[in-house]
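Student: Have a peek at work07.tsv (TSV, N, CA and C atoms).
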chain	number	residue	atom	x	y	z
A	44	MET	N	42.71	40.76	-24.34
A	44	MET	CA	41.33	40.36	-24.36
A	44	MET	C	40.92	39.97	-22.93
A	45	GLN	N	39.85	40.56	-22.48
A	45	GLN	CA	39.39	40.34	-21.11
A	45	GLN	C	38.05	39.59	-21.15
A	46	ILE	N	37.93	38.52	-20.33
A	46	ILE	CA	36.71	37.72	-20.26
A	46	ILE	C	35.95	38.12	-19.00
A	47	ASN	N	34.70	38.47	-19.17
A	47	ASN	CA	33.87	38.83	-18.02
A	47	ASN	C	33.14	37.58	-17.51
A	48	LEU	N	33.48	37.15	-16.31
A	48	LEU	CA	32.84	36.00	-15.67
A	48	LEU	C	31.60	36.47	-14.90
A	49	PRO	N	30.59	35.59	-14.77
A	49	PRO	CA	29.42	35.97	-13.99
A	49	PRO	C	29.80	36.19	-12.53
A	50	SER	N	28.99	36.95	-11.85
A	50	SER	CA	29.25	37.22	-10.44
A	50	SER	C	29.06	35.95	-9.61
A	51	ALA	N	29.49	35.99	-8.37
A	51	ALA	CA	29.39	34.83	-7.48
A	51	ALA	C	27.94	34.46	-7.24
A	52	SER	N	27.06	35.42	-7.08
A	52	SER	CA	25.65	35.12	-6.84
A	52	SER	C	25.00	34.49	-8.07
A	53	THR	N	25.38	34.91	-9.25
A	53	THR	CA	24.86	34.32	-10.49
A	53	THR	C	25.33	32.89	-10.63
A	54	ARG	N	26.59	32.64	-10.31
A	54	ARG	CA	27.12	31.27	-10.37
A	54	ARG	C	26.41	30.36	-9.37
A	55	LEU	N	26.09	30.90	-8.19
A	55	LEU	CA	25.38	30.11	-7.17
A	55	LEU	C	23.98	29.75	-7.66
A	56	VAL	N	23.28	30.67	-8.27
A	56	VAL	CA	21.94	30.40	-8.80
A	56	VAL	C	22.00	29.35	-9.89
A	57	ILE	N	23.00	29.42	-10.77
A	57	ILE	CA	23.16	28.42	-11.83
A	57	ILE	C	23.45	27.06	-11.24
A	58	LEU	N	24.30	26.99	-10.22
A	58	LEU	CA	24.63	25.72	-9.58
A	58	LEU	C	23.40	25.10	-8.92
A	59	ILE	N	22.61	25.89	-8.22
A	59	ILE	CA	21.39	25.39	-7.57
A	59	ILE	C	20.41	24.89	-8.63
A	60	GLY	N	20.28	25.61	-9.73
A	60	GLY	CA	19.41	25.18	-10.82
A	60	GLY	C	19.83	23.86	-11.42
A	61	LEU	N	21.14	23.67	-11.61
A	61	LEU	CA	21.64	22.40	-12.15
A	61	LEU	C	21.39	21.25	-11.18
A	62	ILE	N	21.62	21.48	-9.92
A	62	ILE	CA	21.39	20.42	-8.92
A	62	ILE	C	19.91	20.06	-8.87
A	63	ALA	N	19.04	21.07	-8.91
A	63	ALA	CA	17.60	20.81	-8.90
A	63	ALA	C	17.17	20.03	-10.14
A	64	ALA	N	17.75	20.34	-11.28
A	64	ALA	CA	17.41	19.64	-12.52
A	64	ALA	C	17.83	18.18	-12.46
A	65	VAL	N	18.94	17.90	-11.81
A	65	VAL	CA	19.42	16.52	-11.71
A	65	VAL	C	18.53	15.69	-10.80
A	66	PHE	N	18.08	16.26	-9.70
A	66	PHE	CA	17.34	15.48	-8.70
A	66	PHE	C	15.82	15.51	-8.86
A	67	THR	N	15.29	16.09	-9.89
A	67	THR	CA	13.84	16.11	-10.07
A	67	THR	C	13.37	15.14	-11.14
A	68	GLY	N	14.19	14.19	-11.53
A	68	GLY	CA	13.81	13.21	-12.55
A	68	GLY	C	12.81	12.21	-12.01
A	69	GLU	N	12.35	11.34	-12.86
A	69	GLU	CA	11.35	10.34	-12.52
A	69	GLU	C	11.97	9.04	-12.02
A	70	ILE	N	13.20	9.04	-11.65
A	70	ILE	CA	13.88	7.84	-11.20
A	70	ILE	C	13.50	7.58	-9.74
A	71	SER	N	13.10	6.34	-9.46
A	71	SER	CA	12.71	5.97	-8.10
A	71	SER	C	13.25	4.59	-7.79
A	72	ALA	N	13.84	4.45	-6.62
A	72	ALA	CA	14.40	3.16	-6.22
A	72	ALA	C	13.44	2.34	-5.40
A	73	ARG	N	12.31	2.91	-5.02
A	73	ARG	CA	11.35	2.14	-4.24
A	73	ARG	C	10.00	2.10	-4.95
A	74	PRO	N	9.22	1.08	-4.66
A	74	PRO	CA	7.92	0.95	-5.30
A	74	PRO	C	6.98	2.07	-4.87
A	75	PRO	N	5.89	2.25	-5.60
A	75	PRO	CA	4.93	3.29	-5.20
A	75	PRO	C	4.39	3.02	-3.80
A	76	GLN	N	4.05	4.07	-3.10
A	76	GLN	CA	3.60	3.90	-1.72
A	76	GLN	C	2.17	3.41	-1.59
A	77	ALA	N	1.31	3.72	-2.52
A	77	ALA	CA	-0.08	3.27	-2.46
A	77	ALA	C	-0.24	1.98	-3.26
A	78	ARG	N	-0.89	1.00	-2.68
A	78	ARG	CA	-1.05	-0.30	-3.33
A	78	ARG	C	-2.44	-0.85	-3.09
A	79	THR	N	-2.81	-1.86	-3.92
A	79	THR	CA	-4.08	-2.56	-3.78
A	79	THR	C	-3.80	-4.05	-3.85
A	80	GLU	N	-4.46	-4.82	-3.00
A	80	GLU	CA	-4.31	-6.27	-3.00
A	80	GLU	C	-5.66	-6.93	-2.76
A	81	PHE	N	-5.80	-8.15	-3.32
A	81	PHE	CA	-6.95	-9.01	-3.05
A	81	PHE	C	-6.47	-10.14	-2.16
A	82	GLY	N	-7.32	-10.60	-1.27
A	82	GLY	CA	-6.97	-11.73	-0.42
A	82	GLY	C	-8.13	-12.12	0.46
A	83	THR	N	-7.85	-13.05	1.36
A	83	THR	CA	-8.86	-13.46	2.33
A	83	THR	C	-8.34	-13.15	3.73
A	84	VAL	N	-9.24	-12.87	4.64
A	84	VAL	CA	-8.86	-12.54	6.00
A	84	VAL	C	-8.35	-13.80	6.70
A	85	ALA	N	-7.10	-13.74	7.15
A	85	ALA	CA	-6.52	-14.85	7.90
A	85	ALA	C	-6.66	-14.61	9.40
A	86	ALA	N	-6.63	-13.34	9.81
A	86	ALA	CA	-6.81	-12.97	11.21
A	86	ALA	C	-7.14	-11.49	11.26
A	87	ALA	N	-7.94	-11.10	12.24
A	87	ALA	CA	-8.27	-9.69	12.45
A	87	ALA	C	-8.43	-9.45	13.94
A	88	ASP	N	-7.75	-8.44	14.45
A	88	ASP	CA	-7.84	-8.08	15.86
A	88	ASP	C	-8.32	-6.63	15.93
A	89	ALA	N	-9.58	-6.44	16.31
A	89	ALA	CA	-10.16	-5.09	16.34
A	89	ALA	C	-9.55	-4.24	17.44
A	90	ASN	N	-9.15	-4.85	18.55
A	90	ASN	CA	-8.55	-4.07	19.64
A	90	ASN	C	-7.18	-3.53	19.27
A	91	ALA	N	-6.36	-4.35	18.63
A	91	ALA	CA	-5.03	-3.93	18.20
A	91	ALA	C	-5.05	-3.24	16.84
A	92	ARG	N	-6.21	-3.30	16.17
A	92	ARG	CA	-6.39	-2.73	14.83
A	92	ARG	C	-5.38	-3.31	13.84
A	93	VAL	N	-5.32	-4.64	13.82
A	93	VAL	CA	-4.41	-5.36	12.92
A	93	VAL	C	-5.21	-6.38	12.13
A	94	ILE	N	-4.90	-6.48	10.84
A	94	ILE	CA	-5.51	-7.50	9.99
A	94	ILE	C	-4.40	-8.22	9.24
A	95	ARG	N	-4.54	-9.54	9.15
A	95	ARG	CA	-3.59	-10.35	8.39
A	95	ARG	C	-4.36	-10.99	7.24
A	96	LEU	N	-3.85	-10.79	6.04
A	96	LEU	CA	-4.51	-11.30	4.83
A	96	LEU	C	-3.68	-12.38	4.18
A	97	GLN	N	-4.37	-13.39	3.67
A	97	GLN	CA	-3.72	-14.37	2.81
A	97	GLN	C	-3.94	-13.86	1.38
A	98	LEU	N	-2.86	-13.43	0.75
A	98	LEU	CA	-2.96	-12.85	-0.58
A	98	LEU	C	-3.20	-13.91	-1.63
A	99	ARG	N	-3.74	-13.48	-2.76
A	99	ARG	CA	-3.97	-14.39	-3.87
A	99	ARG	C	-2.62	-14.78	-4.46
A	100	CYS	N	-2.52	-16.02	-4.85
A	100	CYS	CA	-1.35	-16.56	-5.56
A	100	CYS	C	-0.04	-16.47	-4.79
A	101	THR	N	-0.07	-16.40	-3.48
A	101	THR	CA	1.16	-16.43	-2.71
A	101	THR	C	0.88	-17.03	-1.33
A	102	ALA	N	1.88	-17.66	-0.77
A	102	ALA	CA	1.72	-18.25	0.56
A	102	ALA	C	2.13	-17.27	1.65
A	103	ILE	N	2.62	-16.10	1.28
A	103	ILE	CA	3.09	-15.12	2.25
A	103	ILE	C	1.93	-14.20	2.66
A	104	PRO	N	1.59	-14.18	3.95
A	104	PRO	CA	0.50	-13.30	4.39
A	104	PRO	C	0.95	-11.84	4.44
A	105	LEU	N	-0.01	-10.94	4.37
A	105	LEU	CA	0.24	-9.51	4.47
A	105	LEU	C	-0.41	-9.00	5.74
A	106	THR	N	0.37	-8.35	6.60
A	106	THR	CA	-0.15	-7.80	7.85
A	106	THR	C	-0.25	-6.29	7.71
A	107	LEU	N	-1.42	-5.76	8.04
A	107	LEU	CA	-1.70	-4.33	7.95
A	107	LEU	C	-2.29	-3.85	9.26
A	108	VAL	N	-2.11	-2.58	9.54
A	108	VAL	CA	-2.81	-1.94	10.66
A	108	VAL	C	-3.84	-0.99	10.06
A	109	TRP	N	-4.81	-0.58	10.87
A	109	TRP	CA	-5.76	0.42	10.40
A	109	TRP	C	-5.95	1.45	11.50
A	110	ASN	N	-6.50	2.60	11.11
A	110	ASN	CA	-6.74	3.66	12.08
A	110	ASN	C	-8.18	4.15	11.97
A	111	GLN	N	-8.50	5.23	12.65
A	111	GLN	CA	-9.88	5.72	12.67
A	111	GLN	C	-10.32	6.25	11.31
A	112	ARG	N	-9.41	6.56	10.41
A	112	ARG	CA	-9.78	7.05	9.08
A	112	ARG	C	-9.94	5.93	8.05
A	113	THR	N	-9.59	4.70	8.41
A	113	THR	CA	-9.75	3.56	7.50
A	113	THR	C	-11.24	3.28	7.31
A	114	ARG	N	-11.66	3.12	6.08
A	114	ARG	CA	-13.06	2.86	5.77
A	114	ARG	C	-13.23	1.40	5.37
A	115	ILE	N	-14.28	0.77	5.89
A	115	ILE	CA	-14.59	-0.63	5.59
A	115	ILE	C	-15.98	-0.67	4.97
A	116	PHE	N	-16.07	-1.27	3.78
A	116	PHE	CA	-17.33	-1.30	3.03
A	116	PHE	C	-17.72	-2.73	2.67
A	117	HIS	N	-19.02	-2.96	2.65
A	117	HIS	CA	-19.59	-4.18	2.08
A	117	HIS	C	-20.60	-3.69	1.06
A	118	GLY	N	-20.20	-3.75	-0.21
A	118	GLY	CA	-20.99	-3.12	-1.25
A	118	GLY	C	-20.84	-1.62	-1.11
A	119	ALA	N	-21.96	-0.90	-1.07
A	119	ALA	CA	-21.92	0.55	-0.91
A	119	ALA	C	-22.08	0.97	0.55
A	120	ASP	N	-22.30	0.00	1.44
A	120	ASP	CA	-22.56	0.31	2.84
A	120	ASP	C	-21.27	0.25	3.67
A	121	ALA	N	-21.10	1.25	4.53
A	121	ALA	CA	-20.00	1.22	5.49
A	121	ALA	C	-20.36	0.24	6.60
A	122	VAL	N	-19.42	-0.62	6.96
A	122	VAL	CA	-19.66	-1.63	7.99
A	122	VAL	C	-18.58	-1.55	9.06
A	123	SER	N	-18.79	-2.27	10.15
A	123	SER	CA	-17.82	-2.27	11.24
A	123	SER	C	-16.77	-3.35	11.01
A	124	THR	N	-15.78	-3.36	11.87
A	124	THR	CA	-14.72	-4.36	11.78
A	124	THR	C	-15.22	-5.76	12.13
A	125	ALA	N	-16.40	-5.88	12.69
A	125	ALA	CA	-16.96	-7.19	13.02
A	125	ALA	C	-17.19	-8.02	11.75
A	126	HIS	N	-17.29	-7.38	10.61
A	126	HIS	CA	-17.48	-8.10	9.34
A	126	HIS	C	-16.20	-8.71	8.80
A	127	LEU	N	-15.05	-8.39	9.41
A	127	LEU	CA	-13.78	-8.94	8.96
A	127	LEU	C	-13.52	-10.27	9.68
A	128	THR	N	-14.24	-11.29	9.25
A	128	THR	CA	-14.12	-12.61	9.88
A	128	THR	C	-13.20	-13.51	9.06
A	129	LEU	N	-12.75	-14.57	9.68
A	129	LEU	CA	-11.83	-15.51	9.04
A	129	LEU	C	-12.39	-16.03	7.73
A	130	GLY	N	-11.60	-15.92	6.66
A	130	GLY	CA	-11.99	-16.44	5.35
A	130	GLY	C	-12.76	-15.47	4.48
A	131	THR	N	-13.05	-14.27	4.98
A	131	THR	CA	-13.80	-13.29	4.20
A	131	THR	C	-12.92	-12.76	3.07
A	132	PRO	N	-13.41	-12.81	1.82
A	132	PRO	CA	-12.62	-12.24	0.72
A	132	PRO	C	-12.69	-10.71	0.75
A	133	VAL	N	-11.53	-10.07	0.64
A	133	VAL	CA	-11.47	-8.61	0.71
A	133	VAL	C	-10.53	-8.04	-0.34
A	134	LYS	N	-10.72	-6.77	-0.61
A	134	LYS	CA	-9.79	-5.98	-1.40
A	134	LYS	C	-9.35	-4.84	-0.49
A	135	VAL	N	-8.02	-4.64	-0.37
A	135	VAL	CA	-7.51	-3.60	0.51
A	135	VAL	C	-6.68	-2.59	-0.28
A	136	TRP	N	-6.83	-1.35	0.10
A	136	TRP	CA	-5.97	-0.28	-0.38
A	136	TRP	C	-5.10	0.08	0.81
A	137	TYR	N	-3.79	0.08	0.62
A	137	TYR	CA	-2.92	0.38	1.76
A	137	TYR	C	-1.74	1.23	1.33
A	138	ARG	N	-1.12	1.84	2.32
A	138	ARG	CA	0.04	2.70	2.11
A	138	ARG	C	1.24	2.09	2.81
A	139	THR	N	2.39	2.33	2.24
A	139	THR	CA	3.64	1.85	2.83
A	139	THR	C	4.49	3.06	3.19
A	140	PRO	N	4.46	3.49	4.45
A	140	PRO	CA	5.27	4.65	4.83
A	140	PRO	C	6.75	4.28	4.88
A	141	ILE	N	7.59	5.29	4.84
A	141	ILE	CA	9.03	5.03	4.93
A	141	ILE	C	9.36	4.43	6.28
A	142	PHE	N	8.75	4.96	7.34
A	142	PHE	CA	8.93	4.42	8.68
A	142	PHE	C	7.58	3.98	9.21
A	143	GLY	N	7.53	2.86	9.89
A	143	GLY	CA	6.28	2.38	10.47
A	143	GLY	C	5.71	1.22	9.68
A	144	GLU	N	4.52	0.81	10.11
A	144	GLU	CA	3.88	-0.35	9.52
A	144	GLU	C	2.98	0.04	8.35
A	145	ARG	N	2.74	-0.92	7.47
A	145	ARG	CA	1.80	-0.69	6.37
A	145	ARG	C	0.41	-0.50	6.99
A	146	PHE	N	-0.34	0.46	6.46
A	146	PHE	CA	-1.67	0.70	7.01
A	146	PHE	C	-2.71	0.75	5.92
A	147	ALA	N	-3.86	0.17	6.23
A	147	ALA	CA	-4.98	0.11	5.29
A	147	ALA	C	-5.71	1.44	5.29
A	148	THR	N	-6.04	1.94	4.10
A	148	THR	CA	-6.83	3.15	3.99
A	148	THR	C	-8.28	2.82	3.67
A	149	LYS	N	-8.51	1.68	2.99
A	149	LYS	CA	-9.87	1.26	2.63
A	149	LYS	C	-9.89	-0.25	2.51
A	150	ILE	N	-10.94	-0.87	3.01
A	150	ILE	CA	-11.13	-2.32	2.90
A	150	ILE	C	-12.53	-2.55	2.37
A	151	THR	N	-12.64	-3.32	1.30
A	151	THR	CA	-13.97	-3.68	0.80
A	151	THR	C	-14.14	-5.19	0.88
A	152	ILE	N	-15.29	-5.60	1.35
A	152	ILE	CA	-15.61	-7.02	1.42
A	152	ILE	C	-16.15	-7.43	0.06
A	153	GLU	N	-15.50	-8.42	-0.54
A	153	GLU	CA	-15.85	-8.88	-1.88
A	153	GLU	C	-16.87	-10.01	-1.80
A	154	LYS	N	-17.57	-10.24	-2.90
A	154	LYS	CA	-18.57	-11.31	-2.93
A	154	LYS	C	-17.95	-12.68	-3.02
A	155	ARG	N	-16.78	-12.76	-3.66
A	155	ARG	CA	-16.12	-14.06	-3.81
A	155	ARG	C	-14.62	-13.85	-3.86
A	156	PHE	N	-13.89	-14.95	-3.73
A	156	PHE	CA	-12.44	-14.90	-3.81
A	156	PHE	C	-12.02	-14.54	-5.22
A	157	VAL	N	-11.16	-13.56	-5.37
A	157	VAL	CA	-10.65	-13.15	-6.67
A	157	VAL	C	-9.19	-13.54	-6.73
A	158	GLY	N	-8.84	-14.36	-7.69
A	158	GLY	CA	-7.45	-14.77	-7.81
A	158	GLY	C	-7.15	-15.37	-9.16
A	159	CYS	N	-5.92	-15.78	-9.34
A	159	CYS	CA	-5.54	-16.38	-10.61
A	159	CYS	C	-5.95	-17.86	-10.64
A	160	SER	N	-5.87	-18.48	-11.78
A	160	SER	CA	-6.34	-19.86	-11.92
A	160	SER	C	-5.55	-20.83	-11.06
A	161	ASN	N	-4.25	-20.59	-10.88
A	161	ASN	CA	-3.44	-21.50	-10.06
A	161	ASN	C	-3.86	-21.46	-8.60
A	162	CYS	N	-4.09	-20.25	-8.06
A	162	CYS	CA	-4.42	-20.20	-6.64
A	162	CYS	C	-5.87	-20.59	-6.39
A	163	LEU	N	-6.74	-20.47	-7.37
A	163	LEU	CA	-8.11	-20.94	-7.17
A	163	LEU	C	-8.13	-22.45	-7.01
A	164	GLN	N	-7.21	-23.15	-7.69
A	164	GLN	CA	-7.16	-24.60	-7.58
A	164	GLN	C	-6.51	-25.04	-6.28
A	165	THR	N	-5.53	-24.26	-5.78
A	165	THR	CA	-4.79	-24.68	-4.59
A	165	THR	C	-5.16	-23.91	-3.33
A	166	ARG	N	-6.16	-23.04	-3.40
A	166	ARG	CA	-6.51	-22.21	-2.26
A	166	ARG	C	-6.87	-23.02	-1.04
A	167	SER	N	-7.60	-24.10	-1.20
A	167	SER	CA	-8.00	-24.89	-0.03
A	167	SER	C	-6.83	-25.64	0.58
A	168	ALA	N	-5.75	-25.82	-0.19
A	168	ALA	CA	-4.60	-26.55	0.32
A	168	ALA	C	-3.61	-25.65	1.03
A	169	GLN	N	-3.76	-24.33	0.95
A	169	GLN	CA	-2.81	-23.42	1.58
A	169	GLN	C	-3.03	-23.42	3.09
A	170	VAL	N	-1.93	-23.46	3.82
A	170	VAL	CA	-1.98	-23.44	5.28
A	170	VAL	C	-1.27	-22.19	5.75
A	171	LEU	N	-1.93	-21.43	6.61
A	171	LEU	CA	-1.30	-20.24	7.16
A	171	LEU	C	-0.36	-20.60	8.30
A	172	PRO	N	0.74	-19.86	8.40
A	172	PRO	CA	1.68	-20.14	9.52
A	172	PRO	C	1.09	-19.75	10.85
Give the structure from the file, written as structure tokens.

Tutor:
Amino acid sequence: MQINLPSASTRLVILIGLIAAVFTGEISARPPQARTEFGTVAAADANARVIRLQLRCTAIPLTLVWNQRTRIFHGADAVSTAHLTLGTPVKVWYRTPIFGERFATKITIEKRFVGCSNCLQTRSAQVLP
């Protein structure tokens, strides 16, 4: 009795298919790259294109950079970075690249501070480093 084995090229195609099937799953060890946060402006430097936010419900500030494609809105109107003053409540959309700094893609100036009940009570007591 003779067994006919597939050719070497057929075995290679099957091996590549199996490897591809293993590595295309939905398993991810890192968080999603696009994120949204609410906070207040703790510092903004238009020349260096850096903004530091005091996030809601945490004492840890978030530092982001922006570029020429970052959009800043107040309501439906596009505004300049001059509107990013100390204490301004904002919502930011930002990306976390594998290499480099987190960068803002969109910043909207909010009408009021949005946060949880605990941080609304202690917001005035928080001190930035």

Student: Please identify all polymer residues within 12 Å of Arg145 (chain A), counting only C-alpha atoms, omitting same-chain residues fewer than 4 positions from it, and present them as a short mmCIF file (atom, residue, chain, number, x, y, z; two decimals) with N, CA and C atoms, keeping the file's coordinate frame.

Tutor:
data_model
loop_
_atom_site.label_atom_id
_atom_site.label_comp_id
_atom_site.auth_asym_id
_atom_site.auth_seq_id
_atom_site.Cartn_x
_atom_site.Cartn_y
_atom_site.Cartn_z
N GLN A 76 4.05 4.07 -3.10
CA GLN A 76 3.60 3.90 -1.72
C GLN A 76 2.17 3.41 -1.59
N ALA A 77 1.31 3.72 -2.52
CA ALA A 77 -0.08 3.27 -2.46
C ALA A 77 -0.24 1.98 -3.26
N ARG A 78 -0.89 1.00 -2.68
CA ARG A 78 -1.05 -0.30 -3.33
C ARG A 78 -2.44 -0.85 -3.09
N THR A 79 -2.81 -1.86 -3.92
CA THR A 79 -4.08 -2.56 -3.78
C THR A 79 -3.80 -4.05 -3.85
N ARG A 92 -6.21 -3.30 16.17
CA ARG A 92 -6.39 -2.73 14.83
C ARG A 92 -5.38 -3.31 13.84
N VAL A 93 -5.32 -4.64 13.82
CA VAL A 93 -4.41 -5.36 12.92
C VAL A 93 -5.21 -6.38 12.13
N ILE A 94 -4.90 -6.48 10.84
CA ILE A 94 -5.51 -7.50 9.99
C ILE A 94 -4.40 -8.22 9.24
N ARG A 95 -4.54 -9.54 9.15
CA ARG A 95 -3.59 -10.35 8.39
C ARG A 95 -4.36 -10.99 7.24
N LEU A 105 -0.01 -10.94 4.37
CA LEU A 105 0.24 -9.51 4.47
C LEU A 105 -0.41 -9.00 5.74
N THR A 106 0.37 -8.35 6.60
CA THR A 106 -0.15 -7.80 7.85
C THR A 106 -0.25 -6.29 7.71
N LEU A 107 -1.42 -5.76 8.04
CA LEU A 107 -1.70 -4.33 7.95
C LEU A 107 -2.29 -3.85 9.26
N VAL A 108 -2.11 -2.58 9.54
CA VAL A 108 -2.81 -1.94 10.66
C VAL A 108 -3.84 -0.99 10.06
N TRP A 109 -4.81 -0.58 10.87
CA TRP A 109 -5.76 0.42 10.40
C TRP A 109 -5.95 1.45 11.50
N ASN A 110 -6.50 2.60 11.11
CA ASN A 110 -6.74 3.66 12.08
C ASN A 110 -8.18 4.15 11.97
N VAL A 135 -8.02 -4.64 -0.37
CA VAL A 135 -7.51 -3.60 0.51
C VAL A 135 -6.68 -2.59 -0.28
N TRP A 136 -6.83 -1.35 0.10
CA TRP A 136 -5.97 -0.28 -0.38
C TRP A 136 -5.10 0.08 0.81
N TYR A 137 -3.79 0.08 0.62
CA TYR A 137 -2.92 0.38 1.76
C TYR A 137 -1.74 1.23 1.33
N ARG A 138 -1.12 1.84 2.32
CA ARG A 138 0.04 2.70 2.11
C ARG A 138 1.24 2.09 2.81
N THR A 139 2.39 2.33 2.24
CA THR A 139 3.64 1.85 2.83
C THR A 139 4.49 3.06 3.19
N PRO A 140 4.46 3.49 4.45
CA PRO A 140 5.27 4.65 4.83
C PRO A 140 6.75 4.28 4.88
N ILE A 141 7.59 5.29 4.84
CA ILE A 141 9.03 5.03 4.93
C ILE A 141 9.36 4.43 6.28
#

Student: When you draw a straight line from atom C of Arg155 (chain A) to atom N of Ala89 (chain A), how long is it in Å?

Tutor: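 So the answer is 22.1 Å.
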
Student: Using Å and a single decimal, report how far atom C of Gln45 (chain A) sits from atom C of Gly60 (chain A).

Tutor: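 About the pair atom C of Gly60 (chain A) and atom C of Gln45 (chain A): they are 26.0 Å apart.
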
Student: Please measure the separation of atom N of Val122 (chain A) and atom C of Arg99 (chain A), giving the value in Å to one decimal.

Tutor: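 That distance, rounded to one decimal, is 24.8 Å.
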
Student: Let me make sure I understand: among A:Leu98, A:Ile46, A:Ala125, A:Ala147, which one has the smallest atom-to-atom distance to Ala85 (chain A) if we use all atoms listed in the file?

Tutor: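 Among the listed residues, the smallest separation from Ala85 (chain A) belongs to A:Leu98.
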
Student: Which residues come within 6 Å of Leu127 (chain A), counting all atoms listed in the file, excluding same-chain residues fewer than 3 positions away, as a PDB file with N, CA and C atoms, in the coordinates of the input?

Tutor:
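Now in out_9.pdb:
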ATOM      1  N   ALA A  87      -7.940 -11.100  12.240  1.00  0.00           N
ATOM      2  CA  ALA A  87      -8.270  -9.690  12.450  1.00  0.00           C
ATOM      3  C   ALA A  87      -8.430  -9.450  13.940  1.00  0.00           C
ATOM      4  N   SER A 123     -18.790  -2.270  10.150  1.00  0.00           N
ATOM      5  CA  SER A 123     -17.820  -2.270  11.240  1.00  0.00           C
ATOM      6  C   SER A 123     -16.770  -3.350  11.010  1.00  0.00           C
ATOM      7  N   THR A 124     -15.780  -3.360  11.870  1.00  0.00           N
ATOM      8  CA  THR A 124     -14.720  -4.360  11.780  1.00  0.00           C
ATOM      9  C   THR A 124     -15.220  -5.760  12.130  1.00  0.00           C
TER      10      THR A 124
END

Student: Taking only C-alpha atoms into account, name the residue in A:Leu48, A:Ile150, A:Ala119, A:Leu96 that is nearest to Val84 (chain A).

Tutor: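 Result for the nearest residue to Val84 (chain A): A:Leu96.
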